[in-house]
Structure formats: structure tokens, C-alpha cells
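Here's the structure, in C-alpha cells; my notes come after.
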Amino acid sequence: MMLPYETRREVELFLLREAKLLDAGEFESWLSLYAPEGIYWMPSRPGQTDPKGVASIIYEDHAILAIRVRRLLEARALVLTPMPRTTHLISNIEVVRGETNDQFTAEAAFICVEHQGEEQRLYSGRQIHHLVRANGSFRIALKRVMLVDCADRHQAMTIPI
Amino acid sequence: MTATAAQGLSRDDILGLVRGDYIHRRAYADPDVFALEQERIFGRLWIYVAHESQVPKPGDFVRTHLGKHEVLVTRHQDGSVHVLHNRCPHRGARLCMVDRGSTRLFTCPYHAWAFRADGMLSAVPHPQSYPSSFRLDDPLNHMQRVRNVQSYRGFIFANQSDAPPPLAEHLGSMAEVIDNLIDRAPDGEVEVADSSFTLEYQGNWKLHMENANDVFHPSFVHNSSVAPARAAPANASIIDQDQTREMLLANGFGTTEWEGIELNGLAGGHTYMASFYKKGVIANQPQDAASVQYRAALAARLGAERAAAVLGVNRFNNIIYPNLVLNAQQQHMRVTFPLAVDRTQIRIHCFRLKGAPEEIFHRAIRFLTNIGSPASMIFSDDVEMLERCQQGLIKEAGPWLNFSRGLDHDRRNGDGSVGGAASELPMRVQFDAWVKYLTQ
């Protein structure tokens, strides 16, 4: 059964807010969207289901993401000099209810343009959010980012997509 | 003075690029030097191409680079392993467009010449239209085979020269790191996991090989991940037993650690260092439940004393010259492919130790992600630095690079040398071999 429009819109606005925080470089606020046991997962191959027996580009929980965010914000990593800036576009959003009434799964297509110094890089693919209602908004239990070229050659990646 | 055929670089030109502890920037930035490296290093030395566990059954193949060539490493029906140029001899088309797979025949999509896994031409369509002189068994009509292929305990190397010395001679005592990796498997066998990363950077291949045994840079280059890891609480992660935080922390060297890390160099250009992973599940012989279980499994095969000796080997970034990096304890391997003078590809793998608890394999996977992923908080900063080196090295100004650190403290040891105190000994050893190979 299709979700009520208001619910779908709430989820969409949440996804757009997440993208906006990343584009604004507000990584601490971005991290606060994650549940305490929330996970960010970027698989290394299409259809990857196993995050432990197959390497991932990123498979990190809140504690490790917190280190990554601190690195983005404070420590001026070499690869972040100059600081990259991104534009995230999220589209083709589909929302369905999860196992319980306060859980939702949102799948979407994305494009992320990353600009750094004289370079521009383009990332695209699909993303799936597992969201849980919390305090009138949502928390991310799992974000899975499936780059269309996840199994191919890569250069260094910096900002979460 | 002998001029070399294609590049017009003389022996003296090469000798002129190395002045004791100074190297000329052209070693990294001159396309003619790169071409000579392809001819005399990647074209003449034993070069790692694949592991036998990647081609277990007849028809299995992997695609990789051998110097300037793209090759297929194949398993033939009779069990033999072949290294074939990925090119149809008929019209020159690239044959195989995937990195791995299994096939009975390699068939060119252009005119359907079909080849066996040993490179032999098996069949052509409409054979009656070929002249009577055309023969399937004419080697000219076969996929070109790299003449010399040898394995050391599952590690397959290829050599493109006419009469190479045995592989064992090239490996020398570096074979010990392969032995140690295999000895660590309770069933006495390892396999390359079907999970790897392929990264590219805009810089010379040697920069990566030098960086892998440079113990001086982590304090500076990796500070942006060491500092956040230090500020983070211990054991906060619910997914990796604190392995990621410990790995980041381990790069936070102080003077004591610098001086305590021994660096070793061997005559063929091989180098390695003592490990600096000392805490948590990535330490040498940790005491957590999975490690204890693993150690017991290993002791069941080797006996407790021998198992302790095998697990006690604590070496890191064992570089088999020119382009293979092996880490037995971390079950980790990197292969460096020079693509152009200023462009390098790195393929990063991990191993499964057969008979070890699954958790031990998961740690190797985690190690691979943490240090080999394009989003690695460690390696991304290394790569950035390698690229900045290349950006500087293409400029003519101030052409001499200094490699003197530790020079007064290095000492001879058997057929090699040993340094500590954050010596640049590995770079000097690599360049000694580089000069030798390029000028002989």
C-alpha cells in the first residue's frame, strides 16, 4: 500500500536535508542524523551483501564515522587541501514502510559533483536509506551508497556521498 | 659507452642520475627513463602476475599487466599455467575485456578465431577459405605466450627475457615472506580473496615503492587521521573490535618508535621493515578469543613451538623488487603497475588463510578496507603526497633529490644492509638495484 503523501514528503525532505548538510560542509550535523548504531556502507561491488567477508569502500559505524568527520573538520588532511566542495542531487525517490510502522526504506538515484582545486569529479549511483522515526524526524540506521562504478578503478575519495 | 636501442639513453646517462645519496628528478619524470625501465626492469626481471588460487580450474583466467603489456594468466586443460598477451594474432584486437573468469576458449569477436588456454589456435571459421599453407599449429597464429613462467609456492611470476636466472635466485631470502604467509595457514594453504581495490594516482611508480618503506612520513602525512583517532574513545565501534582506530593510531610515531624500527635491504633491490602495529587485534599475536583459537589451530599442525616462531615474524611491507608488496601477518598484498612515467595503478588484495577462524579473515578484509580503499583515511593522504611529488618533479628547477637520511648509521648485514633511526636506506637500496638493472 502506498504511503500517505505527507509521510513520503517527510522522508524526501529528510534526504534533501542530509544532502544539503554534506554540500554545506556541516559534517557534525550530518553525523547527528545517524542513529547511535547507524552504519554508512559503500560496497565495492554490485550486489554486495556481505560487509565483513568482502572489502567495502566504506563500512563504518557511528564511532568510526566520528573519526572521519573530525578529520574532515579539524585536521586538514593533505587530500582535503584545498577542501573539496560538493553538489549532491537526489532524485527518483521511492519510499516504502519498513518492518515496523516507524521504519522506512528510501531508495533514490544520486549524482554528486565534487569540486577541488582545478579538478571536478563525478560520482553517481543509487542509495538506500533505512530510517527510523525519532523525535519528530528520522535517524539513519543504514545508508548504503552503491556507486555505479564501485568495482572499477578509483582515485582517492574524500567527502561522504 | 653503449647507447641503448630505442631511447637514446646511454649507460653514463643513467649513472649520471644517481650521485650517492642524491637522485636526479629525471628518474621520476623523464619518459625516456620510463621506457628504459619498461625494457630492462619490467621486461627482464621476474614480475609477479597472479596467484594460483585465482586460476584453480582449467579454463580459469585473470587479466593483469606485465610491464607495458596486458596479459591473461590462464590455467590450461593439462593443469599448466600460461601467461598470454591479450591480443588476437589475426588482426591485433584486444581479446578479453574482463578481469577474471573461466572459459573453454578465448574467441575473438572480430573473425572468431578461437584459442585454447595455452594460446594455441583451436579453430577458425570457414577453414576452406584459408590457403593450404595456413596452419593452426603455426606459432605465428597463436596468442603470444610469455616464454618464462615460474611459480613459487603458488605465486606466479613471468619473465620476458631470453634466458632468465631461476625465479628462486631473484627472490633470494625474500621467499621467506611467502613461506611465512603460507605457514600461517592452519591448513598450510592460502588463497587470494575475491575482493580487491584498484587505485590510480598521477605519479611515478617508484614513489609508491619508496613510500611503502618510509618510516619517517607517517607522523606528518597521517597526522590528520592520527589526531582524530587519539581524540576518539577506545572500543566505541560496534563493528570492528577497534581495529580501525588502532590502525590509524599506529601511524602516530614518536622519536622512540622511529629509532626502533629496523629497515632492511637486499642486493636485488628488495627491502622491508619491522612492523609498527603494536596494539589491539592488529598487533603481533593478540590475545583475543579468535586469535587464541587461531593459534591453537596452527599449533595443532605445526606444534606450539613452531607456531610461535611462525606467528612471531613481525615484518611489514616486504617489497619484492620491483613492484610487489607482501604482508604475511596482515594477509595483505599490493601490486604496482607503472602505466606511464607519471601514472601508476595499484591493485590491493588480501589472503584467506585456510583453516583459520572466519574472524581472522574478516580482520584481513578490514585491513584491506582501511588501508587500500579509495576512501582510506590513510592511503588517500599518501597518494596525495605522491602526486604532489610528481607535480614538483616535472619542473626542471633544483633537480637533485636528497636520500641521505640515516646514511651514517646503516650497516652491512650478510648480503644486505640494515638501518634504523628512520633511515632512507630502502630508497638507496632500491636505487642501487635500479642503476644496476638499467645499466647492465
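For the C-alpha cells, the naming scheme is as follows: chains receive sequential letters (A, B, ...) according to their order of presentation, residues are indexed from 1 within each chain, and ligands are indexed from 1 in presentation order.
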
- Residues of chain A no more than 7 Å from chain B, counting only C-alpha atoms: send them over as a list of chain:residue names.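 Per the criterion, chain A yields A:Lys52, A:Gly53, A:Val54, A:Ala55, A:Ser56, A:Ile57, A:Ile58, A:Asp61, A:Ala63, A:Ile64, A:Ile67, A:Arg70, A:Arg71, A:Ala75, A:Arg76, A:Ala77, A:Leu78, A:Val79, A:Asp152, A:Arg153, A:His154, A:Gln155, A:Ala156, A:Met157, A:Thr158.
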
- Message: Quick one: residues within 8 Å of Leu263 of chain B, only C-alpha atoms, excluding same-chain residues fewer than 5 positions away - as a count of residues only?
- Response: 11

- Pick out each residue of chain A that DSSP on the backbone tags as strand (DSSP E or B); I need them as a ChimeraX atom specification. /A:34-43,56-61,85-97,103-116,119-134,137-147,154

Write out the residues from the selection above, keeping C-alpha atoms, as a PDB file, in the first residue's frame.
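Saved file part_28.pdb follows:
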```
ATOM      1  CA  TYR A  34      22.720   8.813  12.184  1.00  0.00           C
ATOM      2  CA  ALA A  35      21.349   6.559  14.894  1.00  0.00           C
ATOM      3  CA  PRO A  36      23.946   5.687  17.581  1.00  0.00           C
ATOM      4  CA  GLU A  37      24.267   2.230  15.995  1.00  0.00           C
ATOM      5  CA  GLY A  38      23.842   3.628  12.460  1.00  0.00           C
ATOM      6  CA  ILE A  39      26.049   2.462   9.614  1.00  0.00           C
ATOM      7  CA  TYR A  40      27.345   4.059   6.420  1.00  0.00           C
ATOM      8  CA  TRP A  41      28.101   1.459   3.792  1.00  0.00           C
ATOM      9  CA  MET A  42      29.617   1.925   0.346  1.00  0.00           C
ATOM     10  CA  PRO A  43      30.104  -1.558  -1.159  1.00  0.00           C
ATOM     11  CA  SER A  56      33.924  -2.232   1.211  1.00  0.00           C
ATOM     12  CA  ILE A  57      34.940   1.212   0.039  1.00  0.00           C
ATOM     13  CA  ILE A  58      33.455   2.407   3.320  1.00  0.00           C
ATOM     14  CA  TYR A  59      31.791   0.323   6.022  1.00  0.00           C
ATOM     15  CA  GLU A  60      31.719   2.379   9.178  1.00  0.00           C
ATOM     16  CA  ASP A  61      29.522   2.771  12.209  1.00  0.00           C
ATOM     17  CA  ARG A  85      33.050  21.075  -2.171  1.00  0.00           C
ATOM     18  CA  THR A  86      30.169  19.014  -3.437  1.00  0.00           C
ATOM     19  CA  THR A  87      26.774  19.304  -5.058  1.00  0.00           C
ATOM     20  CA  HIS A  88      24.512  16.357  -4.341  1.00  0.00           C
ATOM     21  CA  LEU A  89      21.453  15.745  -6.475  1.00  0.00           C
ATOM     22  CA  ILE A  90      18.963  13.182  -5.130  1.00  0.00           C
ATOM     23  CA  SER A  91      16.151  12.043  -7.369  1.00  0.00           C
ATOM     24  CA  ASN A  92      13.787   9.174  -8.319  1.00  0.00           C
ATOM     25  CA  ILE A  93      12.990   8.727  -4.640  1.00  0.00           C
ATOM     26  CA  GLU A  94      10.877   5.736  -3.653  1.00  0.00           C
ATOM     27  CA  VAL A  95       9.773   5.263  -0.064  1.00  0.00           C
ATOM     28  CA  VAL A  96       8.296   2.155   1.486  1.00  0.00           C
ATOM     29  CA  ARG A  97       7.471   1.243   5.044  1.00  0.00           C
ATOM     30  CA  GLN A 103      10.709   2.350   9.984  1.00  0.00           C
ATOM     31  CA  PHE A 104      11.075   3.402   6.351  1.00  0.00           C
ATOM     32  CA  THR A 105      13.251   2.429   3.440  1.00  0.00           C
ATOM     33  CA  ALA A 106      14.037   5.074   0.835  1.00  0.00           C
ATOM     34  CA  GLU A 107      15.762   4.274  -2.423  1.00  0.00           C
ATOM     35  CA  ALA A 108      16.969   7.009  -4.740  1.00  0.00           C
ATOM     36  CA  ALA A 109      19.311   7.808  -7.579  1.00  0.00           C
ATOM     37  CA  PHE A 110      22.044  10.352  -6.957  1.00  0.00           C
ATOM     38  CA  ILE A 111      24.665  12.383  -8.704  1.00  0.00           C
ATOM     39  CA  CYS A 112      27.427  14.072  -6.762  1.00  0.00           C
ATOM     40  CA  VAL A 113      29.792  16.558  -8.352  1.00  0.00           C
ATOM     41  CA  GLU A 114      32.901  17.154  -6.293  1.00  0.00           C
ATOM     42  CA  HIS A 115      34.971  20.216  -6.982  1.00  0.00           C
ATOM     43  CA  GLN A 116      38.507  20.503  -5.604  1.00  0.00           C
ATOM     44  CA  GLU A 119      39.548  19.265 -10.603  1.00  0.00           C
ATOM     45  CA  GLN A 120      35.982  18.083 -10.827  1.00  0.00           C
ATOM     46  CA  ARG A 121      34.932  14.525 -10.138  1.00  0.00           C
ATOM     47  CA  LEU A 122      31.594  12.947 -10.814  1.00  0.00           C
ATOM     48  CA  TYR A 123      30.004  10.206  -8.734  1.00  0.00           C
ATOM     49  CA  SER A 124      26.678   8.584  -9.480  1.00  0.00           C
ATOM     50  CA  GLY A 125      24.639   5.596  -8.433  1.00  0.00           C
ATOM     51  CA  ARG A 126      21.793   4.597  -6.170  1.00  0.00           C
ATOM     52  CA  GLN A 127      21.415   4.946  -2.443  1.00  0.00           C
ATOM     53  CA  ILE A 128      19.212   3.179   0.065  1.00  0.00           C
ATOM     54  CA  HIS A 129      18.387   4.629   3.457  1.00  0.00           C
ATOM     55  CA  HIS A 130      16.949   2.648   6.325  1.00  0.00           C
ATOM     56  CA  LEU A 131      15.310   5.269   8.506  1.00  0.00           C
ATOM     57  CA  VAL A 132      13.768   5.153  11.958  1.00  0.00           C
ATOM     58  CA  ARG A 133      11.416   7.788  13.335  1.00  0.00           C
ATOM     59  CA  ALA A 134      12.905   9.723  16.230  1.00  0.00           C
ATOM     60  CA  SER A 137      12.260  13.430  12.454  1.00  0.00           C
ATOM     61  CA  PHE A 138      14.267  10.376  11.411  1.00  0.00           C
ATOM     62  CA  ARG A 139      17.580   8.750  12.236  1.00  0.00           C
ATOM     63  CA  ILE A 140      19.634   6.806   9.706  1.00  0.00           C
ATOM     64  CA  ALA A 141      20.051   3.165  10.723  1.00  0.00           C
ATOM     65  CA  LEU A 142      21.815   2.292   7.478  1.00  0.00           C
ATOM     66  CA  LYS A 143      22.823   4.258   4.415  1.00  0.00           C
ATOM     67  CA  ARG A 144      24.011   2.135   1.545  1.00  0.00           C
ATOM     68  CA  VAL A 145      25.655   4.039  -1.304  1.00  0.00           C
ATOM     69  CA  MET A 146      26.016   1.966  -4.452  1.00  0.00           C
ATOM     70  CA  LEU A 147      28.333   3.732  -6.857  1.00  0.00           C
ATOM     71  CA  HIS A 154      39.307   4.744  -8.388  1.00  0.00           C
TER      72      HIS A 154
END
```

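Every protein or nucleic acid residue with an atom no more than 9 Å from Asp138 of chain B, counting only C-alpha atoms and leaving out same-chain residues fewer than 4 positions away, appears here: Met120, Leu121, Phe134 and His142 of chain B.
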
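Proximity to Trp258 of chain B was assessed for B:His217, B:His270, B:Arg147, B:His208 counting only C-alpha atoms; the smallest distance is recorded for B:His217.
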
- Identify, on the basis of only C-alpha atoms, every residue whose closest approach to Arg104 of chain B does not exceed 12 Å; exclude the query and any residue fewer than 5 positions from it along the same chain; express the result as a ChimeraX atom specification. /B:57-61,74-77,114-119,122

Just write the chosen residues, N, CA and C atoms, as a JSON list (two decimals), in the first residue's frame.
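Below is the file selection-v3.json, written as the result:
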```
[["chain", "number", "residue", "atom", "x", "y", "z"],
["B", 57, "LYS", "N", 40.92, -23.91, -11.67],
["B", 57, "LYS", "CA", 40.43, -24.96, -12.58],
["B", 57, "LYS", "C", 40.82, -24.66, -14.03],
["B", 58, "PRO", "N", 40.93, -25.71, -14.87],
["B", 58, "PRO", "CA", 41.21, -25.46, -16.28],
["B", 58, "PRO", "C", 40.22, -24.47, -16.88],
["B", 59, "GLY", "N", 40.73, -23.54, -17.65],
["B", 59, "GLY", "CA", 39.88, -22.52, -18.26],
["B", 59, "GLY", "C", 39.81, -21.23, -17.45],
["B", 60, "ASP", "N", 40.20, -21.28, -16.17],
["B", 60, "ASP", "CA", 40.17, -20.06, -15.34],
["B", 60, "ASP", "C", 41.24, -19.09, -15.82],
["B", 61, "PHE", "N", 40.95, -17.82, -15.72],
["B", 61, "PHE", "CA", 41.94, -16.82, -16.11],
["B", 61, "PHE", "C", 41.78, -15.54, -15.30],
["B", 74, "THR", "N", 46.42, -17.87, -17.42],
["B", 74, "THR", "CA", 45.40, -18.88, -17.68],
["B", 74, "THR", "C", 45.80, -20.24, -17.11],
["B", 75, "ARG", "N", 44.81, -21.06, -16.85],
["B", 75, "ARG", "CA", 45.04, -22.46, -16.46],
["B", 75, "ARG", "C", 44.57, -23.33, -17.61],
["B", 76, "HIS", "N", 45.50, -24.09, -18.19],
["B", 76, "HIS", "CA", 45.18, -24.94, -19.34],
["B", 76, "HIS", "C", 44.58, -26.27, -18.88],
["B", 77, "GLN", "N", 44.02, -27.00, -19.85],
["B", 77, "GLN", "CA", 43.39, -28.30, -19.57],
["B", 77, "GLN", "C", 44.34, -29.25, -18.84],
["B", 114, "ALA", "N", 39.54, -18.89, -32.48],
["B", 114, "ALA", "CA", 39.32, -19.36, -31.12],
["B", 114, "ALA", "C", 40.59, -20.01, -30.59],
["B", 115, "PHE", "N", 40.96, -19.63, -29.36],
["B", 115, "PHE", "CA", 42.24, -20.06, -28.79],
["B", 115, "PHE", "C", 42.03, -20.87, -27.52],
["B", 116, "ARG", "N", 42.92, -21.84, -27.32],
["B", 116, "ARG", "CA", 42.91, -22.62, -26.09],
["B", 116, "ARG", "C", 43.60, -21.82, -24.98],
["B", 117, "ALA", "N", 43.48, -22.32, -23.78],
["B", 117, "ALA", "CA", 44.05, -21.58, -22.64],
["B", 117, "ALA", "C", 45.57, -21.59, -22.65],
["B", 118, "ASP", "N", 46.20, -22.39, -23.51],
["B", 118, "ASP", "CA", 47.66, -22.31, -23.64],
["B", 118, "ASP", "C", 48.06, -21.42, -24.81],
["B", 119, "GLY", "N", 47.07, -20.76, -25.43],
["B", 119, "GLY", "CA", 47.36, -19.82, -26.51],
["B", 119, "GLY", "C", 47.27, -20.42, -27.90],
["B", 122, "SER", "N", 42.77, -22.95, -31.85],
["B", 122, "SER", "CA", 41.99, -24.19, -31.83],
["B", 122, "SER", "C", 41.19, -24.36, -33.12]]
```

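With only C-alpha atoms as the atoms that count, the minimum distance from Phe14 of chain A to the choices A:Leu73, A:Gly136, A:Leu65, A:Thr100 is reached by A:Gly136.
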
- When you draw a straight line from atom CA of Ile394 of chain B to atom CA of His65 of chain B, how long is it in Å? 25.4 Å

- Message: Let me make sure I understand: among B:Leu324, B:Lys436, B:Val310, B:Ile360, which one has the smallest atom-to-atom distance to Phe337 of chain B if we use only C-alpha atoms?
- Response: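 Under the stated criterion, the closest residue is B:Leu324.
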
- Top pick for closest residue to Trp400 of chain B, considering B:Ile14, B:Tyr152, B:Val192, B:Arg19 and counting only C-alpha atoms: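 Among the listed residues, B:Arg19 lies closest to Trp400 of chain B.
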